[in-house]
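Everything below concerns the one structure shown next.
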Amino acid sequence: MLLRSLSALILCLACSPLWADTVWLNNGDRLTGEIIVLDGGKLALKTKYAGQVLIDWKDIDTLRSEKPLLIKREGLDSQHSRSLDAAGKGMVRLENGTSETVPLASIRQMVPPRPVLKDRIWEGNLDAKLDMERNEDSKDEWKLKGDTRVEHGRWRHVLSGQFEKETKNGERTEDNWEIEYDLDRFLTQHWFVRGSYDQDNDDFQFFNRQRAYGVGPGYRFWDNELGRFDLIAQLTRFQLESDADDLDFNAYSFEWDFKRLIWGTRFELYSKAQLQVPHIEEIDYVLDSEFGLRYRLNDWARLSLLYELDQVRGLGDTSSDRHYLIGVGIGW
């Protein structure tokens with residue numbers, strides 16, 4: 001009897017349809033898949049047969065989803081919904097202990113919520129640039145830049161780095177690399193403590209080796225499927241080395257990390273910057289910043305445009321260094 005019951009249960013599970021979100025369009029078509037996000041009037045739906053597709057929100061008749069969503073409606077604060085049920089033309093029913101039927105036109109954003117404690121989240125980007133000139137001078141320049149982060153529970157690991165090399169008429173004119181590791185421990189949903197280590201080698205600078213150790217608090221404003229925004233303040237110890245002399249000093253460091261997906265996750269705006277105020281009279285501040293835009297060709301390929309601004313002010317003078325990177329990359 002037990003064997004017969006187990007066999008019947010297995011058969012029922014095998015015949016049951018796989019869970020999927022369902023979207024009904026105004027023209028009568030029906031699409032199934034996984035709702036990724038609604039933003040900017042575009043609903044991103046991941047399907048098995050066509051990958052991720054973008055649907056104009058105004059073209060949707062109604063929809064159904066069995067997963068939790070964070071919903072933002074016009075003129076109201078964000079609210080959680082355990083599930084969504086179809087409720088007739090232009091309407092949807094929000095289920096969260098109580099049932100509320102609302103117009104689709106009133107919903108501006110839908111994002112799957114991320115809990116405070118997560119099993120594991122892994123994401124990252126790797127961008128490359130290659131520039132070859134063959135005019136009066138022969139010049140080759142290439143740059144590799146990337147970052148990745150892993151979150152599990154209340155811990156977050158962030159690893160970033162870049163490598164740059166340039167030759168002109170067969171002679172090196174740029175050769176540097178940098179790597180940074182950050183370890184975050186979240187105390188609450190927003191507050192965390194960061195410890196960081198940074199190493200920078202540049203064969204064409206007076207101080208050709210640099211190490212930095214930092215620790216301090218951080219605040220996460222948001223982190224969801226649409227992006228993130230973090231602010232961090234640290235007390236940092238710098239160690240600068242050269243063949244002629246060494247220099248050690250402390251500095252206050254202020255950093256931001258911003259990412260925002262727009263137009264149904266197709267475009268990605270991002271920016272990172274660090275402002276350092278050293279405890280030495282010769283330098284007022286050091287700014288290391290970058291601003292970029294990525295276009296997502298598919299789930300992993302990217303076209304990227306990056307602008308970097310490095311600035312140092314000291315002894316009444318300001319020195320700026322600007323870089324532009326246009327290239328291709330991968331993301332995960």
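The way I read the labels, and the way they are meant: chains A, B, ... in the order of the structure tokens, residue 1 as the first residue of every chain, and ligand 1 as the first ligand shown, with later ones counted on from there.
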**Message:** Env of Ser289 (chain A): 7 Å cut, atoms = only C-alpha atoms, seq-sep filter 3 positions within chain, self excluded. Answer as number ranges by chain.
**Reply:** A: 272-274, 308-310
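All residues of protein, DNA or RNA that reach within 9 Å of Ser196 (chain A), judged by only C-alpha atoms and not counting those fewer than 3 positions away in the chain, are Glu180, Tyr181, Asp182, Leu183, Asp184, Ala212, Tyr213, Gly214, Val215 and Thr236 of chain A.
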Write to file, as a PDB file, in the first residue's frame, the residues of the selection just made, with N, CA and C atoms.
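File produced: part-v1.pdb:
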```
ATOM      1  N   GLU A 180      42.373  45.142  -5.333  1.00  0.00           N
ATOM      2  CA  GLU A 180      41.784  45.555  -4.055  1.00  0.00           C
ATOM      3  C   GLU A 180      40.814  44.485  -3.574  1.00  0.00           C
ATOM      4  N   TYR A 181      40.886  44.192  -2.275  1.00  0.00           N
ATOM      5  CA  TYR A 181      39.973  43.230  -1.657  1.00  0.00           C
ATOM      6  C   TYR A 181      39.280  43.898  -0.471  1.00  0.00           C
ATOM      7  N   ASP A 182      37.948  43.821  -0.454  1.00  0.00           N
ATOM      8  CA  ASP A 182      37.148  44.380   0.630  1.00  0.00           C
ATOM      9  C   ASP A 182      36.333  43.271   1.271  1.00  0.00           C
ATOM     10  N   LEU A 183      36.271  43.287   2.596  1.00  0.00           N
ATOM     11  CA  LEU A 183      35.465  42.328   3.346  1.00  0.00           C
ATOM     12  C   LEU A 183      34.470  43.107   4.199  1.00  0.00           C
ATOM     13  N   ASP A 184      33.175  42.863   3.965  1.00  0.00           N
ATOM     14  CA  ASP A 184      32.112  43.566   4.678  1.00  0.00           C
ATOM     15  C   ASP A 184      31.381  42.610   5.610  1.00  0.00           C
ATOM     16  N   ALA A 212      47.764  49.799   0.930  1.00  0.00           N
ATOM     17  CA  ALA A 212      46.841  50.541   1.781  1.00  0.00           C
ATOM     18  C   ALA A 212      45.987  49.554   2.568  1.00  0.00           C
ATOM     19  N   TYR A 213      45.825  49.835   3.865  1.00  0.00           N
ATOM     20  CA  TYR A 213      44.981  49.035   4.749  1.00  0.00           C
ATOM     21  C   TYR A 213      43.937  49.961   5.358  1.00  0.00           C
ATOM     22  N   GLY A 214      42.672  49.585   5.287  1.00  0.00           N
ATOM     23  CA  GLY A 214      41.627  50.461   5.790  1.00  0.00           C
ATOM     24  C   GLY A 214      40.560  49.716   6.557  1.00  0.00           C
ATOM     25  N   VAL A 215      39.872  50.441   7.441  1.00  0.00           N
ATOM     26  CA  VAL A 215      38.749  49.884   8.186  1.00  0.00           C
ATOM     27  C   VAL A 215      37.797  51.032   8.518  1.00  0.00           C
ATOM     28  N   THR A 236      42.558  54.907   6.769  1.00  0.00           N
ATOM     29  CA  THR A 236      43.433  54.096   5.923  1.00  0.00           C
ATOM     30  C   THR A 236      44.895  54.398   6.226  1.00  0.00           C
TER      31      THR A 236
END
```
**Request:** Have a look at A:Asn26, A:Thr101, A:Asn208, A:Asn176 and name the one nearest to Asp245 (chain A); count only C-alpha atoms.
**Result:**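 Smallest distance to Asp245 (chain A) is found for A:Asn208.
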**Request:** Please provide the set of residues having any atom within 12 Å of region 34-46 of chain A, restricted to only C-alpha atoms, with same-chain residues fewer than 6 positions apart removed, written as JSON, numbers by chain.
**Result:** {"A": [18, 19, 20, 21, 22, 23, 25, 52, 53, 54, 55, 56, 57, 58, 59, 60, 63, 64, 65, 66, 67, 68, 69, 70, 71, 72, 73, 83, 84, 104, 105, 106, 107, 108, 109, 110, 111, 112, 113, 224, 225, 226, 227, 260, 261, 262, 263, 264, 265, 266, 267, 298, 299]}
Writing out the chosen residues with N, CA and C atoms as a short mmCIF file (atom, residue, chain, number, x, y, z; two decimals), in the first residue's frame:
```
data_model
loop_
_atom_site.label_atom_id
_atom_site.label_comp_id
_atom_site.auth_asym_id
_atom_site.auth_seq_id
_atom_site.Cartn_x
_atom_site.Cartn_y
_atom_site.Cartn_z
N LEU A 18 5.57 22.74 -14.47
CA LEU A 18 6.58 23.52 -13.78
C LEU A 18 6.03 24.90 -13.49
N TRP A 19 6.41 25.47 -12.31
CA TRP A 19 5.96 26.79 -11.94
C TRP A 19 6.54 27.83 -12.88
N ALA A 20 5.69 28.81 -13.24
CA ALA A 20 6.15 29.92 -14.09
C ALA A 20 5.19 31.07 -13.91
N ASP A 21 5.73 32.29 -14.08
CA ASP A 21 4.88 33.47 -14.12
C ASP A 21 4.19 33.53 -15.48
N THR A 22 3.02 34.13 -15.51
CA THR A 22 2.22 34.20 -16.73
C THR A 22 1.82 35.64 -17.00
N VAL A 23 1.99 36.07 -18.24
CA VAL A 23 1.62 37.42 -18.66
C VAL A 23 0.67 37.31 -19.82
N LEU A 25 -1.26 39.41 -22.78
CA LEU A 25 -1.14 40.66 -23.53
C LEU A 25 -2.50 41.12 -24.02
N GLN A 52 15.59 36.56 -22.35
CA GLN A 52 14.91 37.68 -21.70
C GLN A 52 14.27 38.59 -22.74
N VAL A 53 13.00 38.85 -22.55
CA VAL A 53 12.26 39.73 -23.46
C VAL A 53 11.74 40.93 -22.67
N LEU A 54 11.61 42.07 -23.37
CA LEU A 54 11.08 43.29 -22.78
C LEU A 54 9.67 43.53 -23.32
N ILE A 55 8.74 43.78 -22.42
CA ILE A 55 7.35 43.97 -22.79
C ILE A 55 6.92 45.36 -22.30
N ASP A 56 6.33 46.14 -23.19
CA ASP A 56 5.78 47.42 -22.77
C ASP A 56 4.66 47.19 -21.75
N TRP A 57 4.73 47.89 -20.65
CA TRP A 57 3.76 47.70 -19.57
C TRP A 57 2.35 48.01 -20.04
N LYS A 58 2.21 48.97 -20.95
CA LYS A 58 0.89 49.35 -21.44
C LYS A 58 0.27 48.28 -22.34
N ASP A 59 1.09 47.33 -22.83
CA ASP A 59 0.58 46.26 -23.70
C ASP A 59 0.12 45.03 -22.93
N ILE A 60 0.22 45.07 -21.59
CA ILE A 60 -0.14 43.91 -20.77
C ILE A 60 -1.58 44.04 -20.30
N LEU A 63 -1.64 39.75 -15.34
CA LEU A 63 -0.55 38.81 -15.14
C LEU A 63 -0.75 38.05 -13.84
N ARG A 64 0.08 37.03 -13.68
CA ARG A 64 0.04 36.21 -12.47
C ARG A 64 1.46 35.83 -12.09
N SER A 65 1.77 35.88 -10.78
CA SER A 65 3.08 35.48 -10.28
C SER A 65 2.92 34.90 -8.88
N GLU A 66 3.62 33.81 -8.62
CA GLU A 66 3.52 33.15 -7.32
C GLU A 66 4.70 33.48 -6.41
N LYS A 67 5.61 34.36 -6.86
CA LYS A 67 6.77 34.68 -6.03
C LYS A 67 6.59 36.06 -5.39
N PRO A 68 7.25 36.30 -4.27
CA PRO A 68 7.15 37.61 -3.60
C PRO A 68 7.74 38.71 -4.48
N LEU A 69 7.13 39.88 -4.42
CA LEU A 69 7.59 41.03 -5.18
C LEU A 69 7.45 42.29 -4.33
N LEU A 70 8.39 43.20 -4.51
CA LEU A 70 8.31 44.52 -3.90
C LEU A 70 7.72 45.46 -4.94
N ILE A 71 6.56 46.02 -4.65
CA ILE A 71 5.80 46.78 -5.63
C ILE A 71 5.72 48.24 -5.21
N LYS A 72 5.99 49.12 -6.16
CA LYS A 72 5.87 50.56 -5.93
C LYS A 72 4.77 51.10 -6.82
N ARG A 73 3.76 51.71 -6.18
CA ARG A 73 2.63 52.26 -6.90
C ARG A 73 2.68 53.78 -6.87
N SER A 83 2.11 37.25 -3.72
CA SER A 83 1.83 36.73 -5.06
C SER A 83 0.90 37.72 -5.77
N LEU A 84 0.79 37.52 -7.09
CA LEU A 84 -0.11 38.31 -7.92
C LEU A 84 -1.06 37.35 -8.63
N LEU A 104 -3.25 48.01 -13.27
CA LEU A 104 -1.86 47.86 -13.69
C LEU A 104 -1.21 49.22 -13.94
N ALA A 105 -1.99 50.19 -14.40
CA ALA A 105 -1.44 51.50 -14.72
C ALA A 105 -0.92 52.22 -13.48
N SER A 106 -1.36 51.81 -12.28
CA SER A 106 -0.90 52.47 -11.06
C SER A 106 0.45 51.93 -10.58
N ILE A 107 0.90 50.81 -11.14
CA ILE A 107 2.16 50.17 -10.70
C ILE A 107 3.31 50.73 -11.53
N ARG A 108 4.31 51.26 -10.85
CA ARG A 108 5.46 51.86 -11.50
C ARG A 108 6.69 50.96 -11.48
N GLN A 109 6.78 50.08 -10.50
CA GLN A 109 8.00 49.28 -10.35
C GLN A 109 7.68 47.98 -9.62
N MET A 110 8.30 46.89 -10.08
CA MET A 110 8.22 45.60 -9.39
C MET A 110 9.62 45.01 -9.34
N VAL A 111 10.07 44.66 -8.13
CA VAL A 111 11.41 44.14 -7.95
C VAL A 111 11.35 42.96 -6.99
N PRO A 112 11.94 41.81 -7.32
CA PRO A 112 12.03 40.72 -6.34
C PRO A 112 12.85 41.17 -5.13
N PRO A 113 12.34 41.06 -3.91
CA PRO A 113 13.08 41.54 -2.74
C PRO A 113 14.24 40.61 -2.42
N ASN A 224 19.17 45.65 -4.75
CA ASN A 224 18.14 44.78 -5.27
C ASN A 224 18.44 44.48 -6.74
N GLU A 225 17.45 43.94 -7.43
CA GLU A 225 17.67 43.55 -8.82
C GLU A 225 17.94 44.74 -9.73
N LEU A 226 17.60 45.96 -9.29
CA LEU A 226 17.83 47.14 -10.11
C LEU A 226 19.17 47.80 -9.84
N GLY A 227 19.86 47.40 -8.79
CA GLY A 227 21.16 48.00 -8.52
C GLY A 227 21.45 48.14 -7.04
N ARG A 260 22.89 51.13 -11.34
CA ARG A 260 21.44 51.23 -11.60
C ARG A 260 21.14 50.70 -12.98
N LEU A 261 20.25 49.71 -13.04
CA LEU A 261 19.78 49.17 -14.31
C LEU A 261 18.57 49.96 -14.78
N ILE A 262 18.53 50.30 -16.06
CA ILE A 262 17.43 51.08 -16.62
C ILE A 262 16.96 50.43 -17.91
N TRP A 263 15.81 50.89 -18.38
CA TRP A 263 15.19 50.41 -19.61
C TRP A 263 15.08 48.89 -19.63
N GLY A 264 14.39 48.38 -18.59
CA GLY A 264 14.17 46.94 -18.52
C GLY A 264 15.44 46.14 -18.36
N THR A 265 16.43 46.67 -17.64
CA THR A 265 17.74 46.05 -17.35
C THR A 265 18.66 46.01 -18.56
N ARG A 266 18.30 46.65 -19.67
CA ARG A 266 19.14 46.58 -20.86
C ARG A 266 20.39 47.45 -20.71
N PHE A 267 20.25 48.63 -20.08
CA PHE A 267 21.38 49.51 -19.83
C PHE A 267 21.74 49.49 -18.35
N ASN A 298 23.25 40.47 -24.25
CA ASN A 298 22.50 39.29 -23.85
C ASN A 298 22.77 39.05 -22.37
N ASP A 299 22.58 37.82 -21.89
CA ASP A 299 22.74 37.54 -20.47
C ASP A 299 24.18 37.70 -20.00
#
```
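In this model, the gap between CA of Val286 (chain A) and CA of Asp230 (chain A) comes to 19.8 Å.
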**Request:** Give me, please, the distance in Å between CA of Gln189 (chain A) and CA of Phe254 (chain A), quoted to one decimal.
**Result:**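 Calculated distance between CA of Gln189 (chain A) and CA of Phe254 (chain A) is 20.6 Å.
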**Message:** When you look at region 275-284 of chain A with a cut-off of 8 Å (counting only C-alpha atoms), what residues show up, excluding the ones that are within fewer than 5 positions of it in the same chain? I need them as a VMD selection string.
**Reply:** chain A and resid 249 to 255 312 to 315
Kindly assemble as JSON lines a list of the region 42-154 of chain A residues that lie within 10 Å of region 168-174 of chain A, each paired with its nearest atom pair and their distance in Å to one decimal, using only C-alpha atoms, sorted first by chain and then by ascending residue number.
```
{"residue": "A:Glu133", "atom": "CA", "partner": "A:Lys168", "partner_atom": "CA", "distance": 9.4}
{"residue": "A:Arg134", "atom": "CA", "partner": "A:Asn169", "partner_atom": "CA", "distance": 9.7}
{"residue": "A:Glu136", "atom": "CA", "partner": "A:Asn169", "partner_atom": "CA", "distance": 9.6}
{"residue": "A:Asp137", "atom": "CA", "partner": "A:Asn169", "partner_atom": "CA", "distance": 6.2}
{"residue": "A:Ser138", "atom": "CA", "partner": "A:Asn169", "partner_atom": "CA", "distance": 4.9}
{"residue": "A:Lys139", "atom": "CA", "partner": "A:Lys168", "partner_atom": "CA", "distance": 4.4}
{"residue": "A:Asp140", "atom": "CA", "partner": "A:Lys168", "partner_atom": "CA", "distance": 6.6}
{"residue": "A:Glu141", "atom": "CA", "partner": "A:Glu174", "partner_atom": "CA", "distance": 8.5}
{"residue": "A:Trp142", "atom": "CA", "partner": "A:Glu174", "partner_atom": "CA", "distance": 9.9}
```
Those residues with C-alpha atoms, as a short mmCIF file (atom, residue, chain, number, x, y, z; two decimals), in the first residue's frame please?
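Output (part_36.cif):
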```cif
data_model
loop_
_atom_site.label_atom_id
_atom_site.label_comp_id
_atom_site.auth_asym_id
_atom_site.auth_seq_id
_atom_site.Cartn_x
_atom_site.Cartn_y
_atom_site.Cartn_z
CA GLU A 133 47.69 52.81 -33.90
CA ARG A 134 49.88 52.52 -36.98
CA GLU A 136 54.04 57.78 -37.87
CA ASP A 137 54.43 55.99 -34.56
CA SER A 138 53.44 52.44 -33.69
CA LYS A 139 51.40 52.43 -30.49
CA ASP A 140 49.67 49.52 -28.74
CA GLU A 141 47.53 50.00 -25.64
CA TRP A 142 45.39 47.48 -23.84
#
```
